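Shown here: model-v4.txt, compact mmCIF, C-alpha atoms.
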```txt
# COMPACT_ATOMS: atom_id res chain seq x y z
CA MET A 1 80.58 103.64 108.50
CA GLY A 2 77.33 102.44 110.03
CA ARG A 3 76.65 103.03 113.68
CA VAL A 4 74.28 101.53 116.19
CA ALA A 5 70.96 103.06 117.20
CA TYR A 6 69.90 102.24 120.72
CA GLY A 7 66.91 102.75 122.88
CA SER A 8 64.36 105.41 123.15
CA ALA A 9 66.55 107.85 121.56
CA GLY A 10 69.38 105.74 120.46
CA LEU A 11 73.15 105.80 120.95
CA LEU A 12 76.19 105.14 118.79
CA ALA A 13 78.37 102.03 119.16
CA LEU A 14 81.38 100.83 117.24
CA ALA A 15 80.84 98.04 114.74
CA LEU A 16 82.53 94.85 115.86
CA LEU A 17 85.63 93.60 114.09
CA THR A 18 86.28 89.94 113.45
CA ALA A 19 86.97 88.13 116.72
CA CYS A 20 90.53 86.86 117.17
CA SER A 21 90.90 83.31 118.38
CA ALA A 22 93.22 80.41 117.79
CA ALA A 23 93.73 76.80 118.65
CA GLY A 24 96.28 75.96 121.33
CA VAL A 25 99.84 77.06 120.71
CA GLU A 26 102.69 75.33 122.46
CA GLY A 27 104.31 77.14 125.34
CA LYS A 28 104.84 77.00 129.05
CA PRO A 29 101.33 76.30 130.45
CA ASP A 30 101.44 78.31 133.67
CA GLY A 31 101.99 82.06 133.58
CA VAL A 32 104.32 83.78 131.15
CA ALA A 33 106.35 81.35 129.07
CA MET A 34 110.09 81.57 128.62
CA ALA A 35 111.04 82.92 125.20
CA GLY A 36 114.32 80.99 124.87
CA ALA A 37 117.94 81.49 125.82
CA GLY A 38 119.24 85.01 125.33
CA ALA A 39 115.77 86.36 124.50
CA ARG A 40 113.45 88.37 126.70
CA ALA A 41 109.84 87.13 126.87
CA ALA A 42 107.05 89.56 126.07
CA SER A 43 105.22 90.68 129.19
CA VAL A 44 101.46 90.09 129.20
CA THR A 45 99.01 91.75 131.59
CA PHE A 46 95.37 90.90 132.21
CA SER A 47 92.26 92.82 133.28
CA PRO A 48 90.42 91.64 135.30
CA ALA A 49 93.41 90.57 137.34
CA ASP A 50 94.21 86.91 137.86
CA LYS A 51 91.84 85.21 140.33
CA ALA A 52 89.57 88.29 140.54
CA ALA A 53 86.08 87.54 141.88
CA ASP A 54 82.64 89.19 141.59
CA VAL A 55 83.63 90.81 138.31
CA PRO A 56 80.72 92.74 136.70
CA THR A 57 79.45 90.99 133.57
CA ASP A 58 79.80 94.15 131.51
CA GLN A 59 83.44 94.75 132.48
CA PRO A 60 85.53 94.16 129.33
CA VAL A 61 88.37 91.65 129.34
CA VAL A 62 91.59 93.40 128.28
CA VAL A 63 94.89 91.66 127.49
CA SER A 64 97.98 93.77 126.77
CA ALA A 65 101.48 92.85 125.61
CA GLN A 66 104.66 94.82 126.34
CA GLY A 67 107.89 94.04 124.54
CA GLY A 68 106.10 92.02 121.89
CA THR A 69 102.74 91.37 120.22
CA LEU A 70 99.77 89.13 120.77
CA ARG A 71 99.29 86.21 118.44
CA SER A 72 96.00 84.99 119.89
CA VAL A 73 93.71 85.36 122.90
CA ARG A 74 91.06 82.90 124.07
CA VAL A 75 88.53 83.49 126.85
CA GLU A 76 86.68 80.30 127.81
CA GLY A 77 83.95 79.92 130.44
CA ASP A 78 83.44 76.84 132.58
CA LYS A 79 79.64 77.06 132.24
CA SER A 80 79.29 78.94 128.97
CA GLY A 81 81.01 79.50 125.67
CA SER A 82 83.88 81.76 124.74
CA LEU A 83 83.97 85.56 124.68
CA ASP A 84 84.74 87.16 121.32
CA GLY A 85 86.97 90.18 121.05
CA VAL A 86 89.05 92.43 118.82
CA LEU A 87 92.79 92.86 118.45
CA SER A 88 94.29 96.32 118.02
CA GLY A 89 96.00 97.23 114.77
CA ASP A 90 99.47 96.93 116.30
CA ARG A 91 98.49 93.61 117.95
CA THR A 92 99.48 94.76 121.43
CA ARG A 93 95.99 94.91 122.93
CA TRP A 94 92.95 92.61 122.85
CA ARG A 95 89.52 93.62 124.19
CA SER A 96 86.37 91.55 124.56
CA THR A 97 83.32 92.77 122.67
CA VAL A 98 80.51 90.78 124.28
CA THR A 99 78.98 90.59 127.72
CA ALA A 100 80.14 87.84 130.06
CA ARG A 101 77.68 85.52 131.81
CA PRO A 102 77.04 85.77 135.55
CA GLY A 103 78.46 83.15 137.93
CA VAL A 104 81.00 81.85 135.42
CA THR A 105 84.73 81.25 135.87
CA TYR A 106 86.63 82.34 132.77
CA THR A 107 90.11 81.28 131.75
CA VAL A 108 92.06 83.71 129.58
CA THR A 109 94.85 82.22 127.47
CA ALA A 110 97.17 84.59 125.63
CA VAL A 111 99.92 83.67 123.19
CA SER A 112 102.50 86.42 122.66
CA VAL A 113 105.51 86.80 120.38
CA ASP A 114 108.66 88.72 121.39
CA ALA A 115 110.98 90.73 119.16
CA ALA A 116 113.02 87.61 118.39
CA GLY A 117 109.92 85.74 117.18
CA LYS A 118 109.70 83.44 120.20
CA GLN A 119 106.24 82.48 121.41
CA SER A 120 105.09 82.56 125.02
CA GLN A 121 101.82 81.53 126.64
CA ALA A 122 100.24 83.07 129.73
CA LYS A 123 96.99 82.34 131.55
CA SER A 124 94.68 84.12 133.96
CA THR A 125 91.30 83.32 135.53
CA PHE A 126 88.48 85.42 136.94
CA LYS A 127 84.92 84.81 138.14
CA THR A 128 81.91 86.99 137.39
CA VAL A 129 79.30 88.11 139.89
CA LYS A 130 76.54 85.64 140.71
CA SER A 131 72.98 86.12 139.49
CA ASP A 132 70.01 86.11 141.87
CA LYS A 133 67.45 85.99 139.03
CA THR A 134 67.13 86.46 135.29
CA PHE A 135 64.97 88.50 132.94
CA ASP A 136 63.90 87.64 129.43
CA ILE A 137 62.05 89.07 126.45
CA LYS A 138 58.42 88.07 126.81
CA THR A 139 57.28 89.35 123.41
CA ILE A 140 58.89 91.19 120.52
CA THR A 141 56.94 92.79 117.68
CA PRO A 142 56.97 92.60 114.64
CA ASN A 143 56.89 88.84 114.52
CA LYS A 144 55.91 86.14 112.07
CA ASP A 145 52.76 85.02 113.84
CA TYR A 146 51.08 88.34 114.70
CA THR A 147 52.17 90.95 112.18
CA GLY A 148 53.88 88.93 109.48
CA LEU A 149 57.44 89.76 108.48
CA THR A 150 56.55 92.47 105.94
CA VAL A 151 55.05 95.50 107.67
CA GLY A 152 54.08 99.10 107.03
CA VAL A 153 56.32 102.18 107.14
CA GLY A 154 54.96 103.26 110.53
CA MET A 155 55.72 99.98 112.31
CA PRO A 156 57.48 100.36 115.68
CA ILE A 157 59.70 97.71 117.24
CA MET A 158 58.10 96.75 120.55
CA ILE A 159 59.77 94.71 123.31
CA GLU A 160 58.08 93.50 126.47
CA PHE A 161 60.18 92.04 129.31
CA ASP A 162 59.01 89.44 131.80
CA GLN A 163 60.55 91.37 134.74
CA PRO A 164 60.75 95.10 135.54
CA VAL A 165 64.05 96.55 134.29
CA ALA A 166 65.84 98.94 136.64
CA ASP A 167 69.07 99.40 134.67
CA ARG A 168 67.57 100.83 131.49
CA VAL A 169 70.88 102.18 130.19
CA SER A 170 72.58 98.79 130.36
CA VAL A 171 69.71 97.10 128.54
CA GLU A 172 69.30 99.82 125.93
CA ARG A 173 73.01 99.71 125.08
CA ASN A 174 72.59 96.10 124.06
CA LEU A 175 69.64 96.64 121.72
CA THR A 176 70.95 97.12 118.19
CA VAL A 177 68.86 98.03 115.15
CA ARG A 178 70.37 97.36 111.73
CA SER A 179 68.78 98.45 108.45
CA SER A 180 69.56 98.27 104.74
CA LYS A 181 68.80 101.99 104.42
CA PRO A 182 70.07 104.57 106.94
CA VAL A 183 67.48 105.59 109.52
CA GLU A 184 67.69 107.84 112.56
CA GLY A 185 65.75 106.32 115.42
CA ALA A 186 65.51 105.87 119.15
CA TRP A 187 64.20 103.58 121.87
CA HIS A 188 61.51 104.81 124.24
CA TRP A 189 60.57 103.37 127.64
CA PHE A 190 56.81 103.41 128.26
CA ASP A 191 57.36 101.71 131.63
CA ASP A 192 59.83 99.32 133.27
CA THR A 193 58.74 96.35 131.16
CA HIS A 194 58.17 97.99 127.75
CA VAL A 195 60.72 99.62 125.46
CA ASP A 196 59.87 100.50 121.86
CA PHE A 197 61.87 101.80 118.88
CA ARG A 198 60.64 104.05 116.10
CA PRO A 199 62.42 106.10 113.44
CA ARG A 200 62.31 109.87 113.56
CA LYS A 201 60.36 109.70 110.29
CA TYR A 202 58.60 106.77 108.70
CA TRP A 203 60.76 103.86 107.58
CA PRO A 204 61.86 104.09 103.93
CA ALA A 205 59.88 101.68 101.77
CA HIS A 206 61.42 98.25 101.14
CA THR A 207 63.96 98.55 103.98
CA LYS A 208 65.32 95.35 105.52
CA VAL A 209 65.60 95.51 109.32
CA ARG A 210 67.32 93.35 111.92
CA VAL A 211 67.05 93.69 115.69
CA ASP A 212 69.78 92.16 117.87
CA ALA A 213 68.90 92.07 121.55
CA LYS A 214 72.18 90.83 123.04
CA LEU A 215 70.91 90.55 126.57
CA ALA A 216 72.49 87.32 127.84
CA GLY A 217 74.44 88.34 130.95
CA VAL A 218 73.39 91.99 130.72
CA ARG A 219 72.52 93.59 134.05
CA GLY A 220 68.85 94.52 134.27
CA GLY A 221 68.84 95.48 137.94
CA PRO A 222 70.43 94.51 141.26
CA GLY A 223 71.30 90.81 141.04
CA MET A 224 69.27 90.37 137.81
CA TYR A 225 70.82 89.49 134.46
CA GLY A 226 69.58 88.76 130.96
CA LYS A 227 68.76 85.13 130.17
CA ARG A 228 69.44 84.99 126.41
CA ASP A 229 70.08 86.82 123.16
CA VAL A 230 67.22 87.38 120.70
CA ARG A 231 67.32 88.32 117.01
CA ILE A 232 64.47 89.16 114.62
CA ASN A 233 64.46 90.09 110.95
CA PHE A 234 61.64 91.82 109.10
CA LYS A 235 61.03 93.97 106.04
CA ILE A 236 59.25 97.25 105.41
CA GLY A 237 56.84 96.98 102.48
CA ARG A 238 55.70 99.64 100.03
CA GLU A 239 54.78 103.02 101.49
CA GLN A 240 51.01 103.24 101.96
CA ILE A 241 49.41 106.06 103.94
CA THR A 242 45.66 106.48 104.39
CA LYS A 243 44.16 109.83 105.38
CA GLY A 244 40.58 110.59 106.33
CA SER A 245 38.63 113.54 107.68
CA THR A 246 35.57 113.49 109.91
CA ASN A 247 34.58 116.76 108.24
CA THR A 248 34.84 115.74 104.57
CA HIS A 249 33.87 112.07 105.22
CA VAL A 250 36.41 110.67 102.76
CA LEU A 251 39.32 108.21 103.12
CA THR A 252 42.14 108.61 100.60
CA VAL A 253 44.78 105.92 100.14
CA ARG A 254 48.16 106.83 98.66
CA ARG A 255 50.79 104.26 97.75
CA ASN A 256 54.35 105.47 97.19
CA GLY A 257 52.91 109.00 96.94
CA LYS A 258 50.29 108.15 94.29
CA LYS A 259 46.54 108.21 95.04
CA ILE A 260 45.19 104.70 94.44
CA ARG A 261 41.73 104.75 96.06
CA THR A 262 39.14 107.16 97.48
CA MET A 263 36.47 105.77 99.80
CA PRO A 264 33.41 107.53 101.28
CA MET A 265 33.39 107.12 105.07
CA SER A 266 31.30 107.80 108.13
CA ALA A 267 33.03 108.44 111.46
CA GLY A 268 31.92 108.71 115.08
CA GLN A 269 28.69 110.62 115.65
CA GLY A 270 29.89 112.32 118.84
CA GLY A 271 27.39 113.48 121.44
CA GLN A 272 29.25 111.46 124.05
CA TRP A 273 33.05 111.55 124.18
CA LYS A 274 33.33 107.81 123.62
CA TYR A 275 31.41 108.13 120.35
CA TYR A 276 33.99 110.37 118.67
CA THR A 277 36.56 108.82 116.37
CA THR A 278 40.01 109.83 117.63
CA SER A 279 42.07 112.24 115.55
CA GLY A 280 45.72 111.38 115.06
CA ILE A 281 48.25 109.07 113.44
CA HIS A 282 46.90 105.58 113.93
CA LEU A 283 48.60 102.40 112.78
CA ALA A 284 46.94 99.31 111.40
CA MET A 285 47.19 96.92 114.37
CA SER A 286 45.36 93.87 113.07
CA ARG A 287 43.34 92.60 110.11
CA GLU A 288 40.31 90.59 111.16
CA PRO A 289 37.93 88.92 108.72
CA VAL A 290 35.26 88.77 111.46
CA THR A 291 34.97 90.87 114.64
CA ILE A 292 32.25 90.82 117.30
CA MET A 293 31.61 94.40 118.44
CA THR A 294 29.74 95.38 121.59
CA SER A 295 28.73 98.75 122.96
CA PRO A 296 31.43 100.22 125.24
CA GLY A 297 30.45 100.45 128.89
CA ILE A 298 26.87 99.26 128.32
CA GLY A 299 25.59 95.84 129.30
CA PRO A 300 22.82 93.70 127.81
CA GLY A 301 19.36 95.09 128.48
CA SER A 302 20.57 98.66 128.89
CA PRO A 303 19.53 101.42 126.47
CA GLY A 304 22.00 101.71 123.60
CA TYR A 305 23.41 98.21 124.02
CA TYR A 306 24.45 96.40 120.85
CA ARG A 307 26.33 93.29 119.79
CA LEU A 308 27.22 93.10 116.09
CA THR A 309 29.12 90.72 113.86
CA VAL A 310 31.25 92.90 111.60
CA TYR A 311 33.31 91.82 108.59
CA ASN A 312 36.65 92.89 107.09
CA THR A 313 37.90 95.01 109.97
CA VAL A 314 41.26 96.77 110.42
CA ARG A 315 41.93 97.73 114.03
CA ILE A 316 43.47 101.19 114.62
CA SER A 317 43.39 101.63 118.42
CA ASN A 318 42.79 99.85 121.72
CA SER A 319 39.64 101.85 122.43
CA GLY A 320 37.62 99.80 119.96
CA GLU A 321 38.20 101.75 116.76
CA TYR A 322 38.29 99.93 113.42
CA VAL A 323 38.01 100.71 109.74
CA HIS A 324 35.34 98.20 108.75
CA SER A 325 32.50 97.16 106.49
CA ALA A 326 29.22 98.84 107.44
CA PRO A 327 26.45 98.08 104.93
CA TRP A 328 23.90 99.70 107.27
CA SER A 329 25.50 103.16 106.94
CA VAL A 330 26.33 103.26 103.20
CA GLY A 331 23.72 105.99 102.70
CA SER A 332 25.52 108.23 105.22
CA GLN A 333 29.07 107.46 104.06
CA GLY A 334 30.55 110.48 102.38
CA HIS A 335 27.93 112.76 103.96
CA ALA A 336 27.52 112.35 107.74
CA ASN A 337 29.04 110.79 110.84
CA VAL A 338 26.73 108.16 112.32
CA SER A 339 28.99 105.50 113.90
CA HIS A 340 29.85 104.85 117.53
CA GLY A 341 33.51 105.73 116.89
CA CYS A 342 34.61 103.39 114.11
CA VAL A 343 35.31 104.41 110.53
CA ASN A 344 32.52 102.93 108.41
CA ILE A 345 33.09 102.12 104.74
CA SER A 346 31.16 100.07 102.21
CA PRO A 347 31.51 96.25 102.03
CA ALA A 348 33.37 96.47 98.70
CA ASN A 349 35.78 99.10 100.01
CA ALA A 350 36.32 97.18 103.26
CA ALA A 351 37.17 94.00 101.33
CA TRP A 352 39.70 95.96 99.28
CA PHE A 353 41.13 97.76 102.31
CA ILE A 354 41.83 94.69 104.44
CA LYS A 355 43.45 92.96 101.47
CA ASN A 356 45.69 95.95 100.68
CA THR A 357 46.70 96.98 104.20
CA LEU A 358 49.87 95.89 106.01
CA ILE A 359 50.16 95.85 109.80
CA GLY A 360 51.96 99.10 110.63
CA ASP A 361 50.46 101.16 107.79
CA PRO A 362 49.67 104.72 108.98
CA ILE A 363 45.96 105.62 109.00
CA ILE A 364 45.62 109.33 109.80
CA ILE A 365 42.27 110.77 110.91
CA THR A 366 41.66 114.50 111.32
CA GLY A 367 38.75 116.73 112.28
CA SER A 368 37.69 115.17 115.59
CA PRO A 369 38.00 117.00 118.93
CA ARG A 370 39.05 113.73 120.58
CA LYS A 371 42.79 113.09 120.17
CA LEU A 372 44.44 109.69 119.98
CA GLU A 373 46.52 109.07 123.11
CA PRO A 374 50.09 107.75 122.62
CA LEU A 375 49.23 104.69 124.74
CA ASN A 376 45.93 104.00 123.00
CA GLY A 377 47.10 101.12 120.85
CA TRP A 378 50.15 101.98 118.79
CA GLY A 379 49.94 105.75 119.08
CA HIS A 380 53.73 106.08 118.91
CA TRP A 381 53.62 108.76 116.21
CA GLN A 382 51.42 110.99 118.34
CA GLU A 383 54.51 112.09 120.26
CA SER A 384 56.84 114.64 118.72
CA TRP A 385 60.46 113.58 118.30
CA LYS A 386 61.38 115.75 121.30
CA GLN A 387 58.74 114.02 123.42
CA TRP A 388 59.85 110.61 122.19
CA LEU A 389 63.47 111.26 123.16
CA LYS A 390 62.45 112.38 126.64
CA TRP A 391 61.85 108.75 127.61
CA SER A 392 65.01 107.36 126.05
CA SER A 393 67.99 106.42 128.17
CA ILE A 394 70.62 106.88 125.48
CA LYS A 395 69.02 109.26 122.91
CA SER A 396 69.00 108.91 119.15
CA GLY A 397 71.42 107.76 116.51
CA PRO A 398 71.54 106.14 113.07
CA THR A 399 70.94 102.45 112.61
CA VAL A 400 73.81 100.12 111.80
CA ASN A 401 74.25 99.25 108.13
CA LEU A 402 72.71 95.91 107.20
CA PRO A 403 74.33 94.34 104.13
```
Would you give me this structure, written as structure tokens?
Amino acid sequence: MGRVAYGSAGLLALALLTACSAAGVEGKPDGVAMAGAGARAASVTFSPADKAADVPTDQPVVVSAQGGTLRSVRVEGDKSGSLDGVLSGDRTRWRSTVTARPGVTYTVTAVSVDAAGKQSQAKSTFKTVKSDKTFDIKTITPNKDYTGLTVGVGMPIMIEFDQPVADRVSVERNLTVRSSKPVEGAWHWFDDTHVDFRPRKYWPAHTKVRVDAKLAGVRGGPGMYGKRDVRINFKIGREQITKGSTNTHVLTVRRNGKKIRTMPMSAGQGGQWKYYTTSGIHLAMSREPVTIMTSPGIGPGSPGYYRLTVYNTVRISNSGEYVHSAPWSVGSQGHANVSHGCVNISPANAAWFIKNTLIGDPIIITGSPRKLEPLNGWGHWQESWKQWLKWSSIKSGPTVNLP
């Protein structure tokens, strides 16, 4: 049975059963209906209690029947839709499986059947706590426009909120990752507005992934509730991992474990810290046919200033590092490090590399004394699994099966 992986370390949740609902069934409209002469009506109880107010949105609705079974349960909101739920195997208990919306009055209608087969209808109402403000997902990555919907095996799932989230546990519980191949993974809070998911190991090649952020009505902090639900689907492509060394000056590309290309390279020349290429597990963050590069921290007219138009670039960090075409350093590629921090390769190799790289492909550089920081671009894999879990609210677990 598949289980849910949540936040920065993930948590398990039961898979939802088919919601039980029904059209109106005749019966006495107010309270428990009479079951007929000589018969005893089934007793139905409700939680929250009838006419309860300021009910938390995450409090489940529970309907129980004594002396009979439940035929159907409906929970309808005056300002929103219905709440789905599941019925127990013996049909004596119904429980909602979704979060209610804030500031909504809900009417619960239960149809029960007693031992003699007589139907009864009972109703109850309750009102959820009001919302002072809402929060929403500002960006979610991968996405169609920025990364495309087929990404590399190192690709994290990255969510940015438009408001700081105080109740991380509540939010993380409602982030579900489903995959066509089982993956252990976890969410990780970088700060109050950013939570990211990565597997413990790279995604298996050709895995289909779905993210369900069921945040509508979810408490994000005092008086703040989620505005809407968000779903994304994407696919992991073939496994491609590129490794390079600042000592041997060679980039090697392996696809599905097989070496497919070797490229001479030239890395950062060092001397100043900013001119070292960072060592670590980088991810391809963007593919840019043309990039304008300027010298870091140096303005026009100052010694060492440059402004270059560079072609066929693959970004690997936020500190200005790219794998890119460098016709001016071809003579040094494979022999010496002469760049200002980027990984230089020949024009032909750069044209091949940008064409054959997916966003999220791992690009691993070794040999440099300067280490890639976890927050320098997508340095998610720089943290050990133990470090990653440290910033999770719910810890790790397997993803839910995706048919």
>> Could you list, as a list of chain:residue names, every residue within 7 Å of Gly77 (chain A), counting only C-alpha atoms and ignoring same-chain residues fewer than 4 positions away?
In response: A:Gly81, A:Ser82, A:Val104, A:Thr105, A:Tyr106, A:Thr107
Please write the residues from the selection above to a file, keeping C-alpha atoms, as a compact mmCIF listing (two decimals), in the coordinates of the input.
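Saved file part_21.txt follows:
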```txt
# COMPACT_ATOMS: atom_id res chain seq x y z
CA GLY A 81 81.01 79.50 125.67
CA SER A 82 83.88 81.76 124.74
CA VAL A 104 81.00 81.85 135.42
CA THR A 105 84.73 81.25 135.87
CA TYR A 106 86.63 82.34 132.77
CA THR A 107 90.11 81.28 131.75
```
>> So that I can check the surroundings of Gln59 (chain A), please list as a PyMOL selection string every protein, DNA and RNA residue that reaches within 9 Å of it, counting all atoms listed in the file and ignoring chain neighbours fewer than 6 positions away.
In response: chain A and resi 48+99-100
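Interatomic distance, CA of Thr147 (chain A) against CA of Val343 (chain A): 21.6 Å.
Taking CA of Thr294 (chain A) and CA of Tyr306 (chain A) as the two end points, the separation is 5.4 Å.
Across A:His335, A:Lys235, A:Arg91, A:His380, the tightest approach to Ser317 (chain A) is made by A:His380 when counting only C-alpha atoms.
One distance worth recording is that between CA of Ser131 (chain A) and CA of Ile394 (chain A), which is 25.2 Å.
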Quick one: which region 114-230 of chain A residues come within 12 Å of region 62-67 of chain A, and what is the nearest atom pair for each with the distance in Å to one decimal, counting only C-alpha atoms, rows ordered by chain and ascending number, as JSON lines?
```
{"residue": "A:Asp114", "atom": "CA", "partner": "A:Gly67", "partner_atom": "CA", "distance": 6.2}
{"residue": "A:Ala115", "atom": "CA", "partner": "A:Gly67", "partner_atom": "CA", "distance": 7.0}
{"residue": "A:Ala116", "atom": "CA", "partner": "A:Gly67", "partner_atom": "CA", "distance": 10.3}
{"residue": "A:Gly117", "atom": "CA", "partner": "A:Gly67", "partner_atom": "CA", "distance": 11.3}
{"residue": "A:Lys118", "atom": "CA", "partner": "A:Gly67", "partner_atom": "CA", "distance": 11.6}
{"residue": "A:Ser120", "atom": "CA", "partner": "A:Ala65", "partner_atom": "CA", "distance": 10.9}
{"residue": "A:Gln121", "atom": "CA", "partner": "A:Ala65", "partner_atom": "CA", "distance": 11.4}
{"residue": "A:Ala122", "atom": "CA", "partner": "A:Val63", "partner_atom": "CA", "distance": 10.4}
{"residue": "A:Lys123", "atom": "CA", "partner": "A:Val63", "partner_atom": "CA", "distance": 10.4}
{"residue": "A:Ser124", "atom": "CA", "partner": "A:Val63", "partner_atom": "CA", "distance": 9.9}
```
> A:Lys390, A:His206, A:Lys227, A:Lys259: which is nearest Thr134 (chain A), counting only C-alpha atoms?
Replying inline: A:Lys227
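Near His282 (chain A), within 8 Å and counting only C-alpha atoms, sit A:Ile316, A:Ser317, A:Pro362, A:Ile363, A:Ile364, A:Ile365, A:Leu372, A:Trp378, A:Gly379, A:Trp381, not including residues fewer than 3 positions from it in the same chain.
Minimum atom-to-atom distance to Ser112 (chain A), evaluated using all atoms listed in the file, belongs to A:Arg71 out of A:Lys79, A:His249, A:Lys133, A:Arg71.
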>> Taking all atoms listed in the file into account, name the residue in A:Val400, A:Ala216, A:Cys342, A:Leu358 that is nearest to Tyr146 (chain A).
In response: A:Leu358
What are the centre and edge lengths in Å, to one decimal, of the axis-aligned box around all listed atoms of region 80-91 of chain A with 8 Å added on each side, as AutoDock Vina command-line options?
```
--center_x 89.4 --center_y 88.1 --center_z 121.9 --size_x 36.2 --size_y 34.3 --size_z 30.2
```
